[in-house]
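These notes concern the structure reproduced below.
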Amino acid sequence: MAKFVYRMQNILDIKQKLESQAKITYGLAAQRFAEEQQKLQELMIRRMRYEKALRQMMEGPLNLKEIHNAKSDVTMIKTLVRAQTIKTRRAEAQMNDARRALNEVMQERKIQEKLKEKAFEEFKREIAAQEAKEIDELVSYTYNGN
């Protein structure tokens, strides 16, 4: 019995390796995005606490030095929030790029797998045709031999 050998198996293997690398890259990018998003949320919570503390200072007895310090804290945390927002957007863009690359590599691998399936179906048809021919020859030989 003949053995099926896909002549472009090495290409399929490369596509599978590229896909696994793209999955790892995407996973790392998604993890980084989640971390940056978490940092942003923590900064937003700190900002709200600082703003709340400033409002409370303004309502109670006024201590100008503490109010000035609280205002500078709020200004500083707003700057940190803006910087973290930029980092989060960059991480999201990198994650989206990694997702697109992964989708492309997956499509290429699926194409190669479909080509392999078609080649295997063609191989099975050739084997069936060859077996049918051998059976015809055997029947013909047996019929003509008697």
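Residues in the structure tokens are numbered from 1 in each chain, the chains being A, B, ... in the order shown, and ligands are numbered from 1 in the order shown.
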Checklist entry - If we count only C-alpha atoms, what is near segment 126-134 of chain A at a cut-off of 10 Å, once residues fewer than 5 positions away on the same chain are taken out, given as a VMD selection string? => result chain A and resid 1 to 2 120 to 121 139 to 140
For N, CA and C atoms, I'd like the residues from the last selection saved as a short mmCIF file (atom, residue, chain, number, x, y, z; two decimals), in the first residue's frame.
data_model
loop_
_atom_site.label_atom_id
_atom_site.label_comp_id
_atom_site.auth_asym_id
_atom_site.auth_seq_id
_atom_site.Cartn_x
_atom_site.Cartn_y
_atom_site.Cartn_z
N MET A 1 0.85 -1.18 0.00
CA MET A 1 0.00 0.00 0.00
C MET A 1 0.89 1.23 0.00
N ALA A 2 0.54 2.18 -0.83
CA ALA A 2 1.32 3.41 -0.93
C ALA A 2 1.08 4.28 0.30
N PHE A 120 -4.46 14.93 -0.15
CA PHE A 120 -4.76 13.60 0.38
C PHE A 120 -5.97 13.00 -0.32
N GLU A 121 -6.99 13.83 -0.58
CA GLU A 121 -8.17 13.34 -1.32
C GLU A 121 -7.76 12.90 -2.73
N VAL A 139 -9.51 -9.47 -13.17
CA VAL A 139 -10.73 -10.08 -13.70
C VAL A 139 -10.55 -10.42 -15.18
N SER A 140 -9.94 -9.52 -15.93
CA SER A 140 -9.72 -9.74 -17.35
C SER A 140 -8.81 -10.93 -17.57
#
Next on the checklist: Residues within 10 Å of segment 93-96 of chain A, please, as an MDAnalysis selection string. Count only C-alpha atoms; anything in the same chain fewer than 6 positions from it doesn't count.
Outcome noted: chainID A and resid 25:33 87 102
Applying 10 Å and only C-alpha atoms, which residues near Leu18 of chain A remain after dropping the ones on its own chain fewer than 3 positions away? List them as a PDB file with N, CA and C atoms, in the first residue's frame.
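Writing done, so here's selection_22.pdb:
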ATOM      1  N   LEU A  12       3.982  23.613   5.757  1.00  0.00           N
ATOM      2  CA  LEU A  12       2.932  23.529   6.769  1.00  0.00           C
ATOM      3  C   LEU A  12       3.537  23.559   8.172  1.00  0.00           C
ATOM      4  N   ASP A  13       4.634  22.851   8.367  1.00  0.00           N
ATOM      5  CA  ASP A  13       5.304  22.858   9.673  1.00  0.00           C
ATOM      6  C   ASP A  13       5.769  24.269  10.046  1.00  0.00           C
ATOM      7  N   ILE A  14       6.323  24.980   9.072  1.00  0.00           N
ATOM      8  CA  ILE A  14       6.777  26.354   9.317  1.00  0.00           C
ATOM      9  C   ILE A  14       5.586  27.243   9.679  1.00  0.00           C
ATOM     10  N   LYS A  15       4.479  27.079   8.964  1.00  0.00           N
ATOM     11  CA  LYS A  15       3.279  27.878   9.252  1.00  0.00           C
ATOM     12  C   LYS A  15       2.781  27.600  10.667  1.00  0.00           C
ATOM     13  N   GLN A  21       4.323  30.991  17.514  1.00  0.00           N
ATOM     14  CA  GLN A  21       5.068  32.190  17.915  1.00  0.00           C
ATOM     15  C   GLN A  21       4.147  33.402  17.975  1.00  0.00           C
ATOM     16  N   ALA A  22       3.245  33.514  16.998  1.00  0.00           N
ATOM     17  CA  ALA A  22       2.301  34.639  16.976  1.00  0.00           C
ATOM     18  C   ALA A  22       1.351  34.563  18.169  1.00  0.00           C
ATOM     19  N   LYS A  23       0.968  33.348  18.566  1.00  0.00           N
ATOM     20  CA  LYS A  23       0.104  33.199  19.739  1.00  0.00           C
ATOM     21  C   LYS A  23       0.831  33.670  20.997  1.00  0.00           C
ATOM     22  N   ILE A  24       2.110  33.303  21.109  1.00  0.00           N
ATOM     23  CA  ILE A  24       2.894  33.735  22.264  1.00  0.00           C
ATOM     24  C   ILE A  24       3.012  35.258  22.278  1.00  0.00           C
ATOM     25  N   LEU A 102      -1.546  37.466  14.145  1.00  0.00           N
ATOM     26  CA  LEU A 102      -1.961  36.100  14.477  1.00  0.00           C
ATOM     27  C   LEU A 102      -3.049  35.625  13.525  1.00  0.00           C
ATOM     28  N   VAL A 105      -1.470  34.742  10.161  1.00  0.00           N
ATOM     29  CA  VAL A 105      -0.710  33.491  10.218  1.00  0.00           C
ATOM     30  C   VAL A 105      -1.657  32.297  10.313  1.00  0.00           C
ATOM     31  N   MET A 106      -2.746  32.458  11.072  1.00  0.00           N
ATOM     32  CA  MET A 106      -3.717  31.364  11.185  1.00  0.00           C
ATOM     33  C   MET A 106      -4.372  31.082   9.833  1.00  0.00           C
ATOM     34  N   GLU A 108      -3.035  31.601   6.900  1.00  0.00           N
ATOM     35  CA  GLU A 108      -2.045  30.948   6.051  1.00  0.00           C
ATOM     36  C   GLU A 108      -1.909  29.466   6.410  1.00  0.00           C
ATOM     37  N   ARG A 109      -1.924  29.159   7.712  1.00  0.00           N
ATOM     38  CA  ARG A 109      -1.838  27.766   8.134  1.00  0.00           C
ATOM     39  C   ARG A 109      -3.070  26.992   7.678  1.00  0.00           C
TER      40      ARG A 109
END
